[in-house]
Amino acid sequence: MGTGIFVVLGCIALILLLVCPVTAQTLTVAASDSSATSKATANFICDGYNDQVEINAAFNALPAEVGTVQLTEGTFHCSDVIHPTAGSELLGSGQESTVIEMLNQFNSYLSISIRNPGITLRGFTIRGQGAVTIRASQVIVQDVTATSIGLDGKRYSTRNDGMFYLWGDGSTLEDVIFINCKAVDSVTHGFHMNAINLPRETRNIRFIGCQAIRCGFGEAGGSPSEWITGYDIQEDNDLYDVQLIGCLAEDNWESGFHFEPGEDKTPPTVKKGITMTDCVSRDNGQRNPQQYPYHDTFLSGYFVHFNAVLTNCISENNKNAGYFVQGGKDVVFNGCTDTGSTYGWKIVKAASDITLNDCTTSDNQFWGLWSAFANHIVLNHFSQNNIHGNLNYQSMLGWYYDEDAYQLPVTDSSFNITAYGDSSLPIINQEGAGNTYSLSWSSDDSRNTTPTVNVTPTPPATHPPVAQFQATPLTGSAPLQVSFTDLSIGSPANWSWNFGDGSTSTLQNPQHRYLGDGIQMVTLTVSNEFGSNSTTQVITVGEGVFAGFTATPRTITAGQTIQFTDHSSGSPSGWLWNFGDGSTSMLQNPEHLYGVTGVYSIQLTSSFPGSSDHETKTDYIVANPDFSADATSGIAPVTIRFTDTTPNSQTGWYWDFGDGTTSTEKNPVHLYQKGGNYTVTLTATSPYGTTSVTKDAYIHLAGKPVADFTSTPQVGTVPFDVTFTDTSTGGVALGYYWQFGDGSFSTMQNPVHTYTHEGVYTVQLAVFNQYGVTNTSKIACVVATLPTPIADFTAESTAGAAPLQVRFSDCSLNQPGSWFWQFGDGSSSTEQNPVHLYTTAGTYTVSLMVRNSGGAMTVTKTSFITVAPPVSSGVIPVSGQTAMPTDINHDGLYEDLNGNGNLDFNDVVIFFNQMDWIADNEPISAFDFNHNGQIDFNDIVLLFNMT
């Protein structure tokens with residue numbers, strides 16, 4: 001065969017490699033305790049120690065952006081992090097069959113760490129210190145259980161901040177889906193989302209059929225804090241388009257579902273597009289030792305605040321409130337119920353625009369509704385049943401722990417309430433301006449029953465039924481046969497089923513066969529002559545199909561094009577894009593030009609065989625305006641014309657020229673009076689929203705400076721130092737001339753000047769450059785004379801044998817400037833703190849005169865110093881010493897016991913050891929340091945303090 005033929009074949013092979021997609025590969029990892037059959041077909045076999053090594057090796061062996069690591073049945077013992085690669089799948093053999101136990105006594109920060117996009121986790125249980133941490137987008141986690149309980153039954157601590165934890169750091173996390181995931185017996189949050197550093201966005205996160213059970217045990221029980229919840233959905237992150245469908249929060253340490261308000265953040269966090277449907281939250285906070293009145297804690301079923309819609313959600317027996325809204329706005333509750341919580345709904349602390357439609361609360365220990373410091377609260381067809389009440393009402397408005405800051409009325413609200421049960425307590429206290437009330441009692445108490453899966457329908461009916469059903473199974477591969485059992489209460493007469501794939505039924509207990517993969521929302525609507533009610537559950541068929549997408553870039557100038565990229569899972573066969581400006585596309589990855597400024601929400605509907613899914617991303621695209629100026633530099637004063645250059649007309653404009661002036665014209669003309677660098681902002685309004693563009697230091701103008709200054713401090717007494725700071729604006733100054741008002745001047749930019757006379761001083765500053773000079777003057781400081789000093793003094797010692805040396809200390813007030821001492825023996829001094837030697841025995845009167853600019857004062861202390869005659873001879877060397885003791889400060893006391901000329905710790909030791917000998921052999925007055933006529937332990941203490 002010729003060489004040319006080999007070349008041709010080589011080229012063909014290369015072309016095939018380039019055009020053929022990489023085939024998805026599955027690599028199997030067997031546990032050390034898996035079956036022999038599993039090990040025989042495995043690519044990697046673990047030994048039961050550091051099993052993450054084999055699992056990570058399998059991921060690294062996969063082709064880029066594709067492939068599956070299949071874990072066999074058995075237990076994988078991991079001591080470090082598992083790192084799935086981009087686009088890969090980690091597939092277990094089922095939550096009951098595959099267990100990943102993660103333990104490390106030196107590092108409890110263990111997890112399956114998702115740092116790459118496009119990853120799927122499915123079908124296993126994590127035990128011990130492990131968790132799922134997600135720092136990337138386009139992630140699916142399905143049929144995964146996580147628990148802090150190890151295989152040995154012990155509960156382990158962890159550094160993870162959630163068993164399923166989404167964490168963003170200056171990034172956007174989007175399109176993450178949790179399906180049938182469970183966090184149980186966890187020391188930390190079950191599900192947690194948080195972020196720091198802008199953009200800190202968490203977008204389009206779905207929780208479908210997930211459970212958080214017994215999360216949190218308090219710090220004493222090994223939890224990292226006392227604030228552990230089942231679902232901590234928002235802390236510092238900006239939140240867009242989060243859905244929770246059919247999720248359960250049960251017996252968690254704090255609240256079941258928690259959304260932090262975030263109004264105290266800088267800037268405040270964003271909260272948009274939050275929906276919760278058919279969720280259940282019960283028994284939360286009951287293990288927590290916090291007691292009523294639950295003043296600074298949550299302990300509620302649902303702690304939710306802004307832009308949220310809750311539909312057909314259930315709350316049962318939560319320690320504080322079933323539904324807690326604090327400082328929130330724009331929250332709607334549709335068909336929600338509470339039973340047995342202390343409060344059904346708690347709406348307080350500047351909450352507004354909160355609506356309850358067809359909601360019911362029952363058997364509350366205090367109030368069915370408690371609201372204070374709120375407005376625009378609307379209750380439509382609200383039922384409260386068997387409410388125990390407090391403060392003589394079943395529901396309460398206005399009261400808040402007698403705290404003035406929050407005990408404020410509810411205003412401009414409407415309350416349509418029907419009460420059932422004991423009518424001895426009024427329904428609600430009707431307080432607050434602008435409120436309307438429609439209150440009624442009913443003797444029928446059948447509404448007191450809260451729907452659960454164990455309820456048997458019971459007639460008769462006097463009101464609409466409450467829909468409830470059970471589906472078996474909830475998950476499985478296509479084709480999937482599902483049996484539906486009606487559990488509705490209230491005697492329904494009609495049943496209408498929508499199976500989510502286009503099929504329907506009117507049977508009470510139908511069966512349905514799902515042929516294609518997908519997440520199917522099944523809705524049952526039941527009705528009778530009094531009305532209807534609906535509920536929804538989720539059926540997961542196959543691996544799930546979900547719409548998802550990204551856009552690049554997301555912020556543009558109007559008139560530019562954006563590239564949209566489909567990231568839907570499950571191989572969709574059709575796409576329908578709605579770009580938010582009235583335009584659509586059916587391409588998989590379209591481009592779109594936005595010609596009008598605004599903020600746009602985008603929706604993609606992805607079609608699959610037998611089903612479809614849609615995703616909306618709220619406020620996803622920002623199209624900003626743009627502008628130009630006919631000049632961006634010059635010499636002030638100068639007039640500049642600004643032009644809105646956005647290609648399509650806006651409906652409103654707001655210009656900020658950077659010099660404190662504004663305009664609402666489309667193309668304004670502005671006069672800049674002085675030089676400087678000016679930042680200009682244009683804010684434009686269109687039918688699609690308000691956006692803005694800022695151009696920093698856009699206008700550069702020369703010109704003469706505008707003089708200004710500050711002075712600090714401004715009030716004082718002589719001599720008084722004042723710091724002057726140049727704050728001139730406009731053009732750059734080349735020179736300065738200060739006149740301080742007392743005849744002094746300076747040419748420094750920021751001088752310090754000392755005032756020596758009292759007065760009110762007006763200071764003038766002149767600044768100049770090549771374009772001119774300006775000056776300004778203002779009262780800069782007030783200088784006063786000092787008040788007359790108040791003379792006083794002390795002495796270090798006031799008695800002793802001659803010769804006696806005394807140290808005097810001045811204690812005078814009001815800043816004296818001179819001192820004159822008279823020591824009573826004819827001597828004097830002008831020092832502030834003199835030392836004087838008295839050589840003759842006697843009693844001496846001491847006086848001190850002090851003086852400042854405010855005057856003079858003399859203080860005299862009669863018989864202040866007492867000098868005894870010199871100690872008679874008789875002082876001898878202390879026992880054990882050869883040198884004579886010495887009086888080193890001439891006060892008649894012999895502190896230097898070893899005679900070395902210094903007072904040190906050795907003298908204290910000698911005194912301590914020879915105290916009895918000194919008392920018997922030395923003159924008492926020479927060693928009596930406390931002058932009490934005897935040698936004792938207090939003399940040792942005084943000698944020690946002298947060293």
# chains A, B, ... in the order shown; residues from 1 in each chain; ligands from 1
>>> residues_around(residues="A:Thr436", least_positions_apart="5", cutoff="10 Å", atoms="only C-alpha atoms", output="PDB file with all heavy atoms, in the first residue's frame")
ATOM      1  N   VAL A 378     -54.912  42.278  53.988  1.00  0.00           N
ATOM      2  CA  VAL A 378     -56.216  41.906  53.425  1.00  0.00           C
ATOM      3  C   VAL A 378     -56.482  40.447  53.734  1.00  0.00           C
ATOM      4  O   VAL A 378     -55.691  39.565  53.371  1.00  0.00           O
ATOM      5  CB  VAL A 378     -56.242  42.142  51.903  1.00  0.00           C
ATOM      6  CG1 VAL A 378     -57.580  41.684  51.326  1.00  0.00           C
ATOM      7  CG2 VAL A 378     -56.000  43.607  51.585  1.00  0.00           C
ATOM      8  N   THR A 411     -53.347  49.599  59.811  1.00  0.00           N
ATOM      9  CA  THR A 411     -54.151  50.622  59.143  1.00  0.00           C
ATOM     10  C   THR A 411     -54.469  50.223  57.705  1.00  0.00           C
ATOM     11  O   THR A 411     -53.791  49.395  57.102  1.00  0.00           O
ATOM     12  CB  THR A 411     -53.413  51.971  59.141  1.00  0.00           C
ATOM     13  OG1 THR A 411     -52.158  51.826  58.471  1.00  0.00           O
ATOM     14  CG2 THR A 411     -53.143  52.450  60.568  1.00  0.00           C
ATOM     15  N   ASP A 412     -55.527  50.841  57.188  1.00  0.00           N
ATOM     16  CA  ASP A 412     -55.914  50.706  55.773  1.00  0.00           C
ATOM     17  C   ASP A 412     -55.976  49.242  55.358  1.00  0.00           C
ATOM     18  O   ASP A 412     -55.461  48.849  54.294  1.00  0.00           O
ATOM     19  CB  ASP A 412     -54.945  51.478  54.876  1.00  0.00           C
ATOM     20  CG  ASP A 412     -54.909  52.961  55.212  1.00  0.00           C
ATOM     21  OD1 ASP A 412     -55.993  53.525  55.460  1.00  0.00           O
ATOM     22  OD2 ASP A 412     -53.811  53.539  55.251  1.00  0.00           O
ATOM     23  N   SER A 413     -56.621  48.435  56.180  1.00  0.00           N
ATOM     24  CA  SER A 413     -56.679  46.995  55.949  1.00  0.00           C
ATOM     25  C   SER A 413     -58.119  46.525  55.973  1.00  0.00           C
ATOM     26  O   SER A 413     -59.026  47.257  56.411  1.00  0.00           O
ATOM     27  CB  SER A 413     -55.858  46.249  57.016  1.00  0.00           C
ATOM     28  OG  SER A 413     -54.505  46.668  56.985  1.00  0.00           O
ATOM     29  N   SER A 414     -58.343  45.303  55.491  1.00  0.00           N
ATOM     30  CA  SER A 414     -59.706  44.752  55.492  1.00  0.00           C
ATOM     31  C   SER A 414     -59.675  43.333  56.022  1.00  0.00           C
ATOM     32  O   SER A 414     -58.762  42.555  55.703  1.00  0.00           O
ATOM     33  CB  SER A 414     -60.299  44.783  54.083  1.00  0.00           C
ATOM     34  OG  SER A 414     -59.573  43.963  53.197  1.00  0.00           O
ATOM     35  N   PHE A 415     -60.695  43.013  56.829  1.00  0.00           N
ATOM     36  CA  PHE A 415     -60.730  41.735  57.519  1.00  0.00           C
ATOM     37  C   PHE A 415     -62.097  41.096  57.303  1.00  0.00           C
ATOM     38  O   PHE A 415     -63.108  41.549  57.853  1.00  0.00           O
ATOM     39  CB  PHE A 415     -60.471  41.936  59.016  1.00  0.00           C
ATOM     40  CG  PHE A 415     -59.156  42.608  59.301  1.00  0.00           C
ATOM     41  CD1 PHE A 415     -59.080  43.994  59.438  1.00  0.00           C
ATOM     42  CD2 PHE A 415     -57.995  41.876  59.393  1.00  0.00           C
ATOM     43  CE1 PHE A 415     -57.871  44.623  59.689  1.00  0.00           C
ATOM     44  CE2 PHE A 415     -56.783  42.490  59.648  1.00  0.00           C
ATOM     45  CZ  PHE A 415     -56.720  43.861  59.792  1.00  0.00           C
ATOM     46  N   ASN A 416     -62.128  40.047  56.470  1.00  0.00           N
ATOM     47  CA  ASN A 416     -63.328  39.250  56.233  1.00  0.00           C
ATOM     48  C   ASN A 416     -63.108  37.913  56.923  1.00  0.00           C
ATOM     49  O   ASN A 416     -62.375  37.061  56.421  1.00  0.00           O
ATOM     50  CB  ASN A 416     -63.556  39.080  54.733  1.00  0.00           C
ATOM     51  CG  ASN A 416     -64.745  38.178  54.441  1.00  0.00           C
ATOM     52  OD1 ASN A 416     -64.544  37.036  54.068  1.00  0.00           O
ATOM     53  ND2 ASN A 416     -65.952  38.676  54.608  1.00  0.00           N
ATOM     54  N   GLN A 430     -61.159  45.647  66.971  1.00  0.00           N
ATOM     55  CA  GLN A 430     -61.260  46.486  65.773  1.00  0.00           C
ATOM     56  C   GLN A 430     -60.574  47.829  66.028  1.00  0.00           C
ATOM     57  O   GLN A 430     -61.217  48.842  66.299  1.00  0.00           O
ATOM     58  CB  GLN A 430     -62.724  46.659  65.374  1.00  0.00           C
ATOM     59  CG  GLN A 430     -63.421  45.337  65.095  1.00  0.00           C
ATOM     60  CD  GLN A 430     -64.869  45.510  64.662  1.00  0.00           C
ATOM     61  OE1 GLN A 430     -65.214  46.453  63.945  1.00  0.00           O
ATOM     62  NE2 GLN A 430     -65.734  44.594  65.095  1.00  0.00           N
TER      63      GLN A 430
END
>>> residues_around(residues="stretch 688-702 of chain A", least_positions_apart="4", cutoff="9 Å", atoms="only C-alpha atoms", output="NGL selection string")
:A and (557 or 580-581 or 596-600 or 622-627 or 629 or 631-638 or 652 or 658 or 672 or 674-684 or 730-732 or 771)
>>> residues_around(residues="stretch 820-833 of chain A", least_positions_apart="4", cutoff="9 Å", atoms="only C-alpha atoms", output="PyMOL selection string")
chain A and resi 807-810+838+840+843-851+858+865
>>> write_last_selection(atoms="N, CA, C and O atoms", output="CSV table (one decimal), in the first residue's frame")
chain,number,residue,atom,x,y,z
A,807,ARG,N,8.9,65.6,98.4
A,807,ARG,CA,8.5,65.9,97.0
A,807,ARG,C,7.1,66.4,97.0
A,807,ARG,O,6.2,65.8,97.4
A,808,PHE,N,6.9,67.7,96.5
A,808,PHE,CA,5.6,68.3,96.4
A,808,PHE,C,5.1,68.1,94.9
A,808,PHE,O,5.9,68.2,93.9
A,809,SER,N,3.7,67.9,94.8
A,809,SER,CA,3.1,67.8,93.5
A,809,SER,C,2.0,68.8,93.4
A,809,SER,O,1.1,68.9,94.2
A,810,ASP,N,2.0,69.6,92.3
A,810,ASP,CA,0.9,70.5,92.0
A,810,ASP,C,-0.3,69.8,91.5
A,810,ASP,O,-0.2,68.9,90.6
A,838,TYR,N,14.2,69.5,104.3
A,838,TYR,CA,14.1,70.2,105.6
A,838,TYR,C,15.2,69.6,106.5
A,838,TYR,O,15.3,68.4,106.7
A,840,THR,N,16.0,71.0,109.7
A,840,THR,CA,15.8,71.3,111.1
A,840,THR,C,14.4,70.8,111.6
A,840,THR,O,13.4,70.9,110.9
A,843,THR,N,7.6,72.2,112.8
A,843,THR,CA,6.4,72.1,112.1
A,843,THR,C,6.3,73.2,111.1
A,843,THR,O,6.5,74.4,111.4
A,844,TYR,N,6.0,72.9,109.8
A,844,TYR,CA,6.1,73.9,108.7
A,844,TYR,C,4.8,74.1,108.0
A,844,TYR,O,4.2,73.1,107.6
A,845,THR,N,4.4,75.4,107.7
A,845,THR,CA,3.3,75.7,106.9
A,845,THR,C,3.7,76.0,105.5
A,845,THR,O,4.7,76.7,105.3
A,846,VAL,N,3.1,75.3,104.5
A,846,VAL,CA,3.4,75.4,103.1
A,846,VAL,C,2.3,76.1,102.3
A,846,VAL,O,1.1,75.8,102.5
A,847,SER,N,2.7,77.0,101.4
A,847,SER,CA,1.7,77.7,100.6
A,847,SER,C,2.2,77.6,99.1
A,847,SER,O,3.4,77.6,98.8
A,848,LEU,N,1.1,77.6,98.2
A,848,LEU,CA,1.4,77.6,96.8
A,848,LEU,C,0.5,78.7,96.1
A,848,LEU,O,-0.7,78.6,96.3
A,849,MET,N,1.1,79.6,95.3
A,849,MET,CA,0.3,80.5,94.5
A,849,MET,C,0.5,80.1,93.1
A,849,MET,O,1.6,79.9,92.6
A,850,VAL,N,-0.7,80.0,92.4
A,850,VAL,CA,-0.6,79.6,90.9
A,850,VAL,C,-1.3,80.8,90.2
A,850,VAL,O,-2.2,81.5,90.7
A,851,ARG,N,-0.9,80.9,88.9
A,851,ARG,CA,-1.4,82.1,88.1
A,851,ARG,C,-1.5,81.6,86.6
A,851,ARG,O,-0.7,80.8,86.1
A,858,THR,N,-4.0,81.5,95.8
A,858,THR,CA,-3.0,80.9,96.7
A,858,THR,C,-3.7,79.9,97.7
A,858,THR,O,-4.8,80.2,98.2
A,865,ILE,N,4.0,70.0,107.2
A,865,ILE,CA,5.1,69.2,107.3
A,865,ILE,C,5.6,69.1,108.8
A,865,ILE,O,5.8,70.2,109.4
>>> residues_around(residues="A:Phe709", least_positions_apart="6", cutoff="8 Å", atoms="only C-alpha atoms", output="CSV table (one decimal) with C-alpha atoms, in the first residue's frame")
chain,number,residue,atom,x,y,z
A,724,PHE,CA,-7.2,75.0,58.9
A,725,THR,CA,-8.1,72.7,56.0
A,726,ASP,CA,-8.5,73.8,52.4
A,727,THR,CA,-11.7,72.5,50.8
A,728,SER,CA,-11.7,74.6,47.7
A,765,LEU,CA,-8.7,82.5,52.4
>>> residues_around(residues="A:Pro789", least_positions_apart="4", cutoff="6 Å", atoms="only C-alpha atoms", output="JSON, numbers by chain")
{"A": [813, 814, 816]}
>>> atom_distance(atom1="atom CA of A:Ser362", atom2="atom CA of A:Ser383")
8.2 Å
>>> residues_around(residues="A:His592", least_positions_apart="2", cutoff="7 Å", atoms="only C-alpha atoms", output="list of chain:residue names")
A:Thr561, A:Ile562, A:Gln563, A:Pro590, A:Tyr594
>>> closest_atom_pairs(of="stretch 213-278 of chain A", to="stretch 529-553 of chain A", cutoff="10 Å", atoms="only C-alpha atoms", output="JSON lines")
{"residue": "A:Ile245", "atom": "CA", "partner": "A:Val538", "partner_atom": "CA", "distance": 7.4}
{"residue": "A:Gly246", "atom": "CA", "partner": "A:Gln537", "partner_atom": "CA", "distance": 6.1}
{"residue": "A:Cys247", "atom": "CA", "partner": "A:Gln537", "partner_atom": "CA", "distance": 9.8}
{"residue": "A:Thr277", "atom": "CA", "partner": "A:Thr536", "partner_atom": "CA", "distance": 7.6}
{"residue": "A:Asp278", "atom": "CA", "partner": "A:Thr536", "partner_atom": "CA", "distance": 6.4}
>>> residues_around(residues="A:Gln70", least_positions_apart="4", cutoff="7 Å", atoms="only C-alpha atoms", output="PyMOL selection string")
chain A and resi 26-29+90-92
>>> atom_distance(atom1="atom CA of A:Asp619", atom2="atom CA of A:Glu201")
11.5 Å
>>> closest_residue(among="A:Glu260, A:Asp51, A:Asp891, A:Asp566", to="A:Phe303", atoms="only C-alpha atoms")
A:Glu260
>>> select_by_dssp(residues="stretch 354-532 of chain A", states="strand (DSSP E)", output="number ranges by chain")
A: 354-357, 360-362, 367-371, 374-385, 396-397, 410-411, 414-420, 436-442, 469-472, 475-476, 480-486, 494-498, 504-505, 511-514, 518-528, 531-532
>>> closest_residue(among="A:Ala64, A:Leu804, A:Val715, A:Leu943", to="A:Val783", atoms="only C-alpha atoms")
A:Val715
>>> closest_residue(among="A:Tyr156, A:Phe207, A:Tyr420, A:Tyr437", to="A:Ile179", atoms="only C-alpha atoms")
A:Phe207
>>> decode(residues="stretch 376-386 of chain A", atoms="all heavy atoms", output="PDB file, in the first residue's frame")
ATOM      1  N   HIS A 376     -52.290  47.766  54.877  1.00  0.00           N
ATOM      2  CA  HIS A 376     -52.748  47.048  53.685  1.00  0.00           C
ATOM      3  C   HIS A 376     -52.689  45.532  53.897  1.00  0.00           C
ATOM      4  O   HIS A 376     -52.167  44.787  53.060  1.00  0.00           O
ATOM      5  CB  HIS A 376     -51.942  47.450  52.450  1.00  0.00           C
ATOM      6  CG  HIS A 376     -52.067  48.907  52.108  1.00  0.00           C
ATOM      7  ND1 HIS A 376     -50.972  49.694  51.854  1.00  0.00           N
ATOM      8  CD2 HIS A 376     -53.139  49.720  52.002  1.00  0.00           C
ATOM      9  CE1 HIS A 376     -51.360  50.934  51.597  1.00  0.00           C
ATOM     10  NE2 HIS A 376     -52.682  50.969  51.695  1.00  0.00           N
ATOM     11  N   ILE A 377     -53.240  45.093  55.023  1.00  0.00           N
ATOM     12  CA  ILE A 377     -53.391  43.663  55.288  1.00  0.00           C
ATOM     13  C   ILE A 377     -54.810  43.276  54.859  1.00  0.00           C
ATOM     14  O   ILE A 377     -55.788  43.889  55.306  1.00  0.00           O
ATOM     15  CB  ILE A 377     -53.174  43.342  56.775  1.00  0.00           C
ATOM     16  CG1 ILE A 377     -51.862  43.976  57.267  1.00  0.00           C
ATOM     17  CG2 ILE A 377     -53.193  41.844  57.009  1.00  0.00           C
ATOM     18  CD1 ILE A 377     -50.634  43.549  56.519  1.00  0.00           C
ATOM     19  N   VAL A 378     -54.912  42.278  53.988  1.00  0.00           N
ATOM     20  CA  VAL A 378     -56.216  41.906  53.425  1.00  0.00           C
ATOM     21  C   VAL A 378     -56.482  40.447  53.734  1.00  0.00           C
ATOM     22  O   VAL A 378     -55.691  39.565  53.371  1.00  0.00           O
ATOM     23  CB  VAL A 378     -56.242  42.142  51.903  1.00  0.00           C
ATOM     24  CG1 VAL A 378     -57.580  41.684  51.326  1.00  0.00           C
ATOM     25  CG2 VAL A 378     -56.000  43.607  51.585  1.00  0.00           C
ATOM     26  N   LEU A 379     -57.615  40.187  54.417  1.00  0.00           N
ATOM     27  CA  LEU A 379     -58.079  38.828  54.677  1.00  0.00           C
ATOM     28  C   LEU A 379     -59.376  38.609  53.918  1.00  0.00           C
ATOM     29  O   LEU A 379     -60.403  39.238  54.211  1.00  0.00           O
ATOM     30  CB  LEU A 379     -58.312  38.603  56.175  1.00  0.00           C
ATOM     31  CG  LEU A 379     -57.102  38.174  57.027  1.00  0.00           C
ATOM     32  CD1 LEU A 379     -56.025  39.254  57.027  1.00  0.00           C
ATOM     33  CD2 LEU A 379     -57.540  37.839  58.444  1.00  0.00           C
ATOM     34  N   ASN A 380     -59.318  37.726  52.909  1.00  0.00           N
ATOM     35  CA  ASN A 380     -60.496  37.366  52.127  1.00  0.00           C
ATOM     36  C   ASN A 380     -60.949  35.967  52.513  1.00  0.00           C
ATOM     37  O   ASN A 380     -60.215  35.001  52.344  1.00  0.00           O
ATOM     38  CB  ASN A 380     -60.185  37.403  50.622  1.00  0.00           C
ATOM     39  CG  ASN A 380     -59.877  38.800  50.134  1.00  0.00           C
ATOM     40  OD1 ASN A 380     -60.557  39.748  50.505  1.00  0.00           O
ATOM     41  ND2 ASN A 380     -58.840  38.933  49.303  1.00  0.00           N
ATOM     42  N   HIS A 381     -62.160  35.860  53.073  1.00  0.00           N
ATOM     43  CA  HIS A 381     -62.729  34.558  53.439  1.00  0.00           C
ATOM     44  C   HIS A 381     -61.795  33.798  54.386  1.00  0.00           C
ATOM     45  O   HIS A 381     -61.438  32.650  54.160  1.00  0.00           O
ATOM     46  CB  HIS A 381     -63.029  33.717  52.194  1.00  0.00           C
ATOM     47  CG  HIS A 381     -63.866  34.424  51.182  1.00  0.00           C
ATOM     48  ND1 HIS A 381     -65.189  34.770  51.419  1.00  0.00           N
ATOM     49  CD2 HIS A 381     -63.569  34.861  49.928  1.00  0.00           C
ATOM     50  CE1 HIS A 381     -65.670  35.399  50.352  1.00  0.00           C
ATOM     51  NE2 HIS A 381     -64.716  35.474  49.437  1.00  0.00           N
ATOM     52  N   PHE A 382     -61.372  34.473  55.437  1.00  0.00           N
ATOM     53  CA  PHE A 382     -60.490  33.885  56.432  1.00  0.00           C
ATOM     54  C   PHE A 382     -61.333  33.192  57.488  1.00  0.00           C
ATOM     55  O   PHE A 382     -62.322  33.752  57.985  1.00  0.00           O
ATOM     56  CB  PHE A 382     -59.637  34.970  57.074  1.00  0.00           C
ATOM     57  CG  PHE A 382     -58.627  34.457  58.067  1.00  0.00           C
ATOM     58  CD1 PHE A 382     -57.504  33.778  57.644  1.00  0.00           C
ATOM     59  CD2 PHE A 382     -58.789  34.673  59.428  1.00  0.00           C
ATOM     60  CE1 PHE A 382     -56.554  33.331  58.547  1.00  0.00           C
ATOM     61  CE2 PHE A 382     -57.855  34.230  60.342  1.00  0.00           C
ATOM     62  CZ  PHE A 382     -56.723  33.550  59.900  1.00  0.00           C
ATOM     63  N   SER A 383     -60.943  31.946  57.843  1.00  0.00           N
ATOM     64  CA  SER A 383     -61.676  31.191  58.865  1.00  0.00           C
ATOM     65  C   SER A 383     -60.773  30.949  60.058  1.00  0.00           C
ATOM     66  O   SER A 383     -59.610  30.562  59.896  1.00  0.00           O
ATOM     67  CB  SER A 383     -62.136  29.842  58.299  1.00  0.00           C
ATOM     68  OG  SER A 383     -63.017  30.022  57.209  1.00  0.00           O
ATOM     69  N   GLN A 384     -61.316  31.179  61.257  1.00  0.00           N
ATOM     70  CA  GLN A 384     -60.583  30.863  62.480  1.00  0.00           C
ATOM     71  C   GLN A 384     -61.467  29.994  63.352  1.00  0.00           C
ATOM     72  O   GLN A 384     -62.612  30.345  63.651  1.00  0.00           O
ATOM     73  CB  GLN A 384     -60.107  32.121  63.188  1.00  0.00           C
ATOM     74  CG  GLN A 384     -61.161  33.139  63.557  1.00  0.00           C
ATOM     75  CD  GLN A 384     -60.552  34.418  64.107  1.00  0.00           C
ATOM     76  OE1 GLN A 384     -59.597  34.970  63.553  1.00  0.00           O
ATOM     77  NE2 GLN A 384     -61.109  34.899  65.215  1.00  0.00           N
ATOM     78  N   ASN A 385     -60.909  28.843  63.774  1.00  0.00           N
ATOM     79  CA  ASN A 385     -61.715  27.816  64.407  1.00  0.00           C
ATOM     80  C   ASN A 385     -61.147  27.439  65.774  1.00  0.00           C
ATOM     81  O   ASN A 385     -59.956  27.137  65.900  1.00  0.00           O
ATOM     82  CB  ASN A 385     -61.728  26.543  63.530  1.00  0.00           C
ATOM     83  CG  ASN A 385     -62.033  26.856  62.089  1.00  0.00           C
ATOM     84  OD1 ASN A 385     -62.933  27.615  61.802  1.00  0.00           O
ATOM     85  ND2 ASN A 385     -61.248  26.271  61.182  1.00  0.00           N
ATOM     86  N   ASN A 386     -62.004  27.464  66.767  1.00  0.00           N
ATOM     87  CA  ASN A 386     -61.624  27.033  68.119  1.00  0.00           C
ATOM     88  C   ASN A 386     -60.348  27.718  68.606  1.00  0.00           C
ATOM     89  O   ASN A 386     -59.429  27.087  69.128  1.00  0.00           O
ATOM     90  CB  ASN A 386     -61.441  25.512  68.167  1.00  0.00           C
ATOM     91  CG  ASN A 386     -62.740  24.773  67.902  1.00  0.00           C
ATOM     92  OD1 ASN A 386     -63.824  25.265  68.209  1.00  0.00           O
ATOM     93  ND2 ASN A 386     -62.620  23.595  67.305  1.00  0.00           N
TER      94      ASN A 386
END
